[in-house]
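Undergrad: Here it is: the structure, laid out below.
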Amino acid sequence: MAYLLNRWYAAAWSGEVAREPFMRVLFDKPVLFYRTESGDVTALSNVCPHRFAPLNRGKLFGDAIRCPYHGLRFGPDGRCVQNPIGKGLLPAKAQLTRYATIEAHGVIWIWHGPAPADATKLVPFDFLDEHDRYDFVDGYIAIDANYALVSDNLLDLSHAEFLHPNLSNPGANQRVRFTAQTDGETVRALNARPGEPPTVLLRAALGDGVGDTIDMWSNVTWNPPALLCVEVGGTARGAPKEAGVNTMAAHLITPETAVRSHYFWKLGRTYRRGDPDFSARVQAMVSSAFVEEDKPIIEAQQHNMGDVGFEQLDPVYLESDGAAARARRIMNRLLAENAADALIAPV
Amino acid sequence: MAYLLNRWYAAAWSGEVAREPFMRVLFDKPVLFYRTESGDVTALSNVCPHRFAPLNRGKLFGDAIRCPYHGLRFGPDGRCVQNPIGKGLLPAKAQLTRYATIEAHGVIWIWHGPAPADATKLVPFDFLDEHDRYDFVDGYIAIDANYALVSDNLLDLSHAEFLHPNLSNPGANQRVRFTAQTDGETVRALNARPGEPPTVLLRAALGDGVGDTIDMWSNVTWNPPALLCVEVGGTARGAPKEAGVNTMAAHLITPETAVRSHYFWKLGRTYRRGDPDFSARVQAMVSSAFVEEDKPIIEAQQHNMGDVGFEQLDPVYLESDGAAARARRIMNRLLAENAADALIAPV
Amino acid sequence: MAYLLNRWYAAAWSGEVAREPFMRVLFDKPVLFYRTESGDVTALSNVCPHRFAPLNRGKLFGDAIRCPYHGLRFGPDGRCVQNPIGKGLLPAKAQLTRYATIEAHGVIWIWHGPAPADATKLVPFDFLDEHDRYDFVDGYIAIDANYALVSDNLLDLSHAEFLHPNLSNPGANQRVRFTAQTDGETVRALNARPGEPPTVLLRAALGDGVGDTIDMWSNVTWNPPALLCVEVGGTARGAPKEAGVNTMAAHLITPETAVRSHYFWKLGRTYRRGDPDFSARVQAMVSSAFVEEDKPIIEAQQHNMGDVGFEQLDPVYLESDGAAARARRIMNRLLAENAADALIAPV
């Protein structure tokens, strides 16, 4: 499948990659990850060019991975550094594809070329580093659906009223003001919700004294291909946003294949900080919502769509679809540009 | 796959469909079933036209199903009756395919168009309502094979001698008189078995006093595409049929896909009525024969045939194949007519 | 897939086939095996030509297999010998494909035509009958990979150093002298290893008195398509081979499909004979190496290669690849000759 080229994708949480070889399939390819002795992240093709054996079953010797099958060793730049067979000449072709990575915000990002990696194109998730402001919980889900269906899910939070009743209020979608904005390649869905009864989490955050209704917001920022930031919070009726509480969540979706995705999420909250029991409760609530409620729906969508493209299925549009529609339009344009670039690429 | 058009198919037992949404894949499509508050059966596409979410994970509000994802509600005619998002305009395109159904003989029948549903084309299974004459047991099996292989199984009961030795006698097929008849679209296999030792069930039914041999019959009626009635019984040697005992069984096979079928069966007996222990024994015997004996053979047939058509495999014909061959000939003619109809259908 | 025609393939161990019908898929086809009353091996298509039922679910009557579905009986030559239905005429077409077999060296070999079976083409494995010289252990593995990947594995034993450290010495591949020879259709990989520290097994075989280093050898003989003999042994430094110990192993690989193989192995040793505990230890060691170490690598190779041909993937060649490369070259030539033969075959 054609995935958006020349972008950074989330490949792993920082903590997932250590000295032990770690394999993850990304954009249809098995990728090997490990850290060098100095702690840098290495990402290489997991397929040995000799006999196509899986390198993640091999062992590290210093900064080089040794193939489990016939022992060729490859350094972190993908070049063969040792041939243990016979005279030990290094075959010129014995070279692994090396993927550029950046470790930032606790995430290992991988560059999907073919252009040279461009650090300026990294989508910033600076709030993930603001440990003085937020307490975080996170998770990872493998989801049997195209990544765009997960973006759609997050860009239209109206689904919370029906799919996550604990996280929303009955009738909320009749009162919410939907605003969709495009800013270059960025799409924003701004959902203002003044005068709503507080949800369970916000009641817990603001305390009972906050009254029967509060001012709530749930705003989503999307960047291609499927990097989202979701901000949900509330404040006392009429009070400034800063006086209230807030959660900021990164949702990073990376294609494993056309119909299977890696979904990384990390949520920071400004309230009840330093309370590990409450953190555990939030982690469990959010995990459960994603795994028990979103995942089955998204996977059934994919199943129902089969291999027919979304637009070809002529979907019905609702008021809440503005942001997702904008994001899909941008993706279609960018993917078409990929294809055009390919036509004029040097032979 | 092309299934026979403009026919009624068995979709479910009446008892399977209640107020709880119920989904079954029929002719490659997921279909949602539920009962309205007045008890009528509703059958709709299970795929929401908004984002292709699975409606059977939604909830009923009165007679309308609410999509689990973004809350669109659809009435039993498939039209969108509520849009809970924003101003709530009802999108003109928001319409589910509605399937006509008839509830008859304890079965929910579904019409596979595209012509308007025609109640006169329902194949009658009146005996299923004759509760004063029969005690019934029933069952449902999912079988990984094309529906026609199940029809073949039932239209040629000679297999009982080999596959179901408890239900037949050694050498019976040398003594049986096979008759195959075609009557319009209906095929009948009449197997007269005068002077046979009673089988286990018939011995239990007729009592030991009936003697060493009895007159038996096993007659099958087939209607397209795979609706069968199997009558098996016996009477004392030379006595009229009415003096004996009989079982009447409906076998209703509906394609889930080209290589997977729904198999509904219901068997009524005229003897040892009002005996729930005996009913349980009959249910267990028949279930076991279908699940342990027929199903593995039929699934292996499908596996051995792969995706090659039955006739292309140039099968050997035996005397007992007359009825199945007639049924396949009728199906081939009807399916060809379907294709011809499609050619002249309005654009 | 095109498999090498007009060759003998290992189908089963002699002990696997008895009076009980036994089915194995070979070259994409289900094959039925059983022994006649006189003990001869019969190999027939497992698919009844009447309705394509699986004959291995049937029963033997004398030397004839009875179809489980409608009772046709077929003799060991594949001809229908009884039709139990009606008048019982034997349909001329009711004939199973019969496969020629030879039982030799404890192996049931099957001929993959279409030419008539030619016993002179059987690859000899005479040592398997030398029970006065060897004590044997054996095993069977199903492996999800093309058979050629298993040949490659055995033709390049350099992998032992990395994949089976218990069976090799660190750095051994720098000291080994690799020699690859072609002799008609036969390929030999001769790996002389003078002056190596003894491996665990050879230490156990030669005793501690043998000293710190010994002369070792590991020689492989390959015949098309994937019949290998692996000889591994050692002797005291400078002593003649005959004064040492040796193991001779048959590795017989037969395609089930293009991406799944049957792997039969049998290993005879000249030392610690008559010691069943040691035999059990050897069986466990070898089994474990194949199942835990080789199989995952070979299956991952197949997965990584997908459906792209080996040469098209432009593999890197190392010094130890000479024999495997020669074998693949011979196979490519023989398969091309198969295709050419097919072009001039009579219609």
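Residues are referred to by chain and number: the chain letter is A, B, ... according to the order shown in the structure tokens, the number counts from 1 in that chain, and ligands are numbered separately from 1 in the order shown.
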So that I can see what lies close to Thr221 (chain A), please list as a ChimeraX atom specification the residues with an atom at most 12 Å from it, counting only C-alpha atoms and leaving out residues fewer than 6 positions away in the same chain.

TA: /A:123-125,151-152,154-157,179-183,185-191,227-232,248-252,323-324,326-327

Undergrad: Wanna dump the chain B-chain A contacts at 10 Å for me, each residue with its shortest atom pair and the distance in Å to one decimal, counting only C-alpha atoms, ordered by chain and number, as JSON lines?

TA:
{"residue": "B:Lys29", "atom": "CA", "partner": "A:Asn304", "partner_atom": "CA", "distance": 8.8}
{"residue": "B:Pro30", "atom": "CA", "partner": "A:Asn304", "partner_atom": "CA", "distance": 8.3}
{"residue": "B:Asn46", "atom": "CA", "partner": "A:Asn304", "partner_atom": "CA", "distance": 9.1}
{"residue": "B:Val47", "atom": "CA", "partner": "A:Asn304", "partner_atom": "CA", "distance": 6.9}
{"residue": "B:Cys48", "atom": "CA", "partner": "A:Val316", "partner_atom": "CA", "distance": 9.1}
{"residue": "B:Pro49", "atom": "CA", "partner": "A:Pro315", "partner_atom": "CA", "distance": 5.8}
{"residue": "B:His50", "atom": "CA", "partner": "A:Val316", "partner_atom": "CA", "distance": 4.4}
{"residue": "B:Arg51", "atom": "CA", "partner": "A:Pro315", "partner_atom": "CA", "distance": 6.4}
{"residue": "B:Phe52", "atom": "CA", "partner": "A:Gln301", "partner_atom": "CA", "distance": 5.2}
{"residue": "B:Ala53", "atom": "CA", "partner": "A:Gln301", "partner_atom": "CA", "distance": 5.0}
{"residue": "B:Pro54", "atom": "CA", "partner": "A:Ala300", "partner_atom": "CA", "distance": 6.2}
{"residue": "B:Leu55", "atom": "CA", "partner": "A:Ile297", "partner_atom": "CA", "distance": 9.5}
{"residue": "B:Arg57", "atom": "CA", "partner": "A:Ile297", "partner_atom": "CA", "distance": 8.2}
{"residue": "B:Gly58", "atom": "CA", "partner": "A:Phe162", "partner_atom": "CA", "distance": 8.7}
{"residue": "B:Lys59", "atom": "CA", "partner": "A:Phe162", "partner_atom": "CA", "distance": 9.6}
{"residue": "B:Arg66", "atom": "CA", "partner": "A:Phe162", "partner_atom": "CA", "distance": 8.8}
{"residue": "B:Cys67", "atom": "CA", "partner": "A:Phe162", "partner_atom": "CA", "distance": 8.1}
{"residue": "B:Pro68", "atom": "CA", "partner": "A:Phe162", "partner_atom": "CA", "distance": 5.8}
{"residue": "B:Tyr69", "atom": "CA", "partner": "A:His159", "partner_atom": "CA", "distance": 5.3}
{"residue": "B:His70", "atom": "CA", "partner": "A:His159", "partner_atom": "CA", "distance": 4.7}
{"residue": "B:Gly71", "atom": "CA", "partner": "A:Phe162", "partner_atom": "CA", "distance": 6.0}
{"residue": "B:Leu72", "atom": "CA", "partner": "A:Leu318", "partner_atom": "CA", "distance": 9.6}
{"residue": "B:Asn83", "atom": "CA", "partner": "A:Leu318", "partner_atom": "CA", "distance": 8.4}
{"residue": "B:Pro84", "atom": "CA", "partner": "A:Gln174", "partner_atom": "CA", "distance": 6.2}
{"residue": "B:Ile85", "atom": "CA", "partner": "A:Asn173", "partner_atom": "CA", "distance": 5.0}
{"residue": "B:Gly86", "atom": "CA", "partner": "A:Gln174", "partner_atom": "CA", "distance": 4.5}
{"residue": "B:Lys87", "atom": "CA", "partner": "A:Gln174", "partner_atom": "CA", "distance": 6.5}
{"residue": "B:Gly88", "atom": "CA", "partner": "A:Gln174", "partner_atom": "CA", "distance": 7.5}
{"residue": "B:Leu89", "atom": "CA", "partner": "A:Leu318", "partner_atom": "CA", "distance": 8.5}
{"residue": "B:Leu90", "atom": "CA", "partner": "A:Leu318", "partner_atom": "CA", "distance": 9.0}
{"residue": "B:Pro91", "atom": "CA", "partner": "A:Val316", "partner_atom": "CA", "distance": 7.0}
{"residue": "B:Ala92", "atom": "CA", "partner": "A:Val316", "partner_atom": "CA", "distance": 8.7}
{"residue": "B:Lys93", "atom": "CA", "partner": "A:Val316", "partner_atom": "CA", "distance": 6.4}
{"residue": "B:Ala94", "atom": "CA", "partner": "A:Val316", "partner_atom": "CA", "distance": 6.2}
{"residue": "B:Gln95", "atom": "CA", "partner": "A:Val316", "partner_atom": "CA", "distance": 9.3}

Undergrad: Give me, as a compact mmCIF listing (two decimals) with C-alpha atoms, in the first residue's frame, the residues of region 24-273 of chain B that a backbone DSSP run labels strand (DSSP E).

TA:
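This went into result_0.txt:
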# COMPACT_ATOMS: atom_id res chain seq x y z
CA ARG B 24 -26.40 -12.78 10.73
CA VAL B 25 -24.42 -12.72 7.50
CA LEU B 26 -26.62 -13.78 4.58
CA LYS B 29 -24.03 -9.23 3.67
CA PRO B 30 -24.41 -8.58 7.40
CA VAL B 31 -28.12 -8.29 8.19
CA LEU B 32 -29.57 -6.82 11.38
CA PHE B 33 -32.70 -8.40 12.85
CA TYR B 34 -34.89 -7.21 15.68
CA ARG B 35 -38.54 -7.14 16.67
CA VAL B 41 -39.58 -8.76 12.58
CA THR B 42 -37.33 -6.09 11.09
CA ALA B 43 -34.42 -6.94 8.79
CA LEU B 44 -32.06 -4.15 7.75
CA SER B 45 -28.56 -3.77 6.49
CA LYS B 59 -29.49 -0.06 21.00
CA LEU B 60 -33.20 -0.05 20.28
CA PHE B 61 -35.24 3.03 21.15
CA ALA B 64 -35.68 2.45 15.96
CA ILE B 65 -32.12 1.16 16.12
CA ARG B 66 -29.51 3.68 17.24
CA ARG B 73 -31.48 6.26 14.48
CA PHE B 74 -33.20 4.23 11.81
CA CYS B 80 -33.21 7.66 9.33
CA VAL B 81 -35.61 9.00 11.96
CA GLN B 82 -33.22 10.90 14.20
CA THR B 101 -39.39 -10.84 5.80
CA ILE B 102 -42.18 -13.26 6.47
CA GLU B 103 -42.51 -15.13 9.72
CA ALA B 104 -44.08 -18.48 9.03
CA VAL B 107 -39.03 -19.52 10.68
CA ILE B 108 -38.07 -15.98 9.72
CA TRP B 109 -37.79 -15.91 5.94
CA ILE B 110 -35.88 -13.18 4.16
CA TRP B 111 -36.42 -12.05 0.57
CA HIS B 112 -33.34 -11.84 -1.63
CA ASP B 135 -43.57 -33.45 18.43
CA PHE B 136 -40.62 -31.41 17.22
CA VAL B 137 -36.91 -31.09 17.87
CA ASP B 138 -34.67 -28.69 16.00
CA GLY B 139 -31.15 -27.40 15.57
CA TYR B 140 -28.83 -25.05 13.76
CA ILE B 141 -25.40 -25.76 12.28
CA ALA B 142 -22.92 -23.49 10.52
CA ILE B 143 -21.20 -25.51 7.84
CA ARG B 177 -36.08 -48.53 -5.14
CA PHE B 178 -34.80 -45.06 -6.12
CA THR B 179 -37.27 -42.79 -7.89
CA ALA B 180 -36.50 -39.20 -8.86
CA GLN B 181 -39.28 -36.91 -10.04
CA THR B 182 -39.34 -33.35 -11.29
CA ASP B 183 -42.50 -31.31 -10.87
CA THR B 186 -39.63 -29.18 -7.32
CA VAL B 187 -37.59 -32.37 -7.21
CA ARG B 188 -38.57 -35.46 -5.28
CA ALA B 189 -36.44 -38.43 -4.30
CA LEU B 190 -38.66 -41.34 -3.35
CA ASN B 191 -36.92 -44.26 -1.73
CA ALA B 192 -39.24 -47.19 -1.07
CA ARG B 193 -37.80 -49.82 1.24
CA PRO B 194 -40.25 -52.68 1.63
CA GLY B 195 -39.32 -55.54 3.93
CA GLU B 196 -36.38 -53.97 5.76
CA ILE B 214 -41.17 -53.71 8.12
CA ASP B 215 -41.99 -51.50 5.15
CA MET B 216 -39.91 -48.31 5.27
CA TRP B 217 -39.75 -45.18 3.20
CA SER B 218 -37.51 -42.14 3.02
CA ASN B 219 -38.73 -39.43 0.67
CA VAL B 220 -37.14 -36.07 0.05
CA THR B 221 -38.70 -32.98 -1.50
CA TRP B 222 -36.39 -30.22 -2.68
CA ASN B 223 -37.21 -26.68 -3.72
CA LEU B 227 -35.21 -26.01 0.98
CA LEU B 228 -35.86 -29.64 1.72
CA CYS B 229 -38.42 -31.77 3.42
CA VAL B 230 -37.38 -35.27 4.44
CA GLU B 231 -39.99 -37.85 5.40
CA VAL B 232 -38.81 -41.07 6.97
CA GLY B 233 -41.08 -43.71 8.42
CA GLY B 234 -42.14 -47.30 8.59
CA THR B 235 -45.14 -49.53 9.08
CA ALA B 236 -45.70 -53.20 9.73
CA VAL B 245 -44.98 -44.02 12.24
CA ASN B 246 -43.43 -41.12 10.45
CA THR B 247 -40.97 -38.27 10.83
CA MET B 248 -41.16 -35.10 8.78
CA ALA B 249 -38.11 -32.87 8.77
CA ALA B 250 -37.48 -29.45 7.31
CA HIS B 251 -33.88 -28.81 6.22
CA LEU B 252 -33.41 -25.17 5.28
CA ILE B 253 -30.00 -24.15 3.98
CA THR B 254 -29.06 -20.54 3.36
CA PRO B 255 -25.76 -19.26 1.99
CA GLU B 256 -23.69 -17.13 4.32
CA THR B 257 -21.01 -16.98 1.64
CA ARG B 260 -20.24 -21.27 4.26
CA SER B 261 -23.87 -22.06 4.95
CA HIS B 262 -26.51 -21.76 7.62
CA TYR B 263 -28.28 -25.05 8.15
CA PHE B 264 -31.61 -25.03 10.02
CA TRP B 265 -33.32 -28.32 10.70
CA LYS B 266 -36.54 -29.23 12.50
CA LEU B 267 -37.89 -32.74 12.82
CA GLY B 268 -41.42 -33.76 13.82
CA ARG B 269 -42.32 -37.30 14.82

Undergrad: Would you work out the distance separating CA of Ala117 (chain A) from CA of Ala10 (chain A), expressed in Å to one decimal?

TA: 14.2 Å

Undergrad: Just give me the gap between CA of Ile330 (chain C) and CA of Asp28 (chain C) in Å, one decimal is fine.

TA: 22.8 Å

Undergrad: Mind listing the helix (DSSP H, G or I) residues of region 140-347 of chain C, per DSSP on the backbone, as number ranges by chain?

TA: C: 147-155, 157-163, 165-167, 172-175, 200-206, 208-210, 241-243, 276-305, 311-313, 319-344

Undergrad: In Å, how far is it from CA of Val308 (chain C) to CA of Ala145 (chain C)?

TA: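 These two atoms are separated by 12.9 Å.
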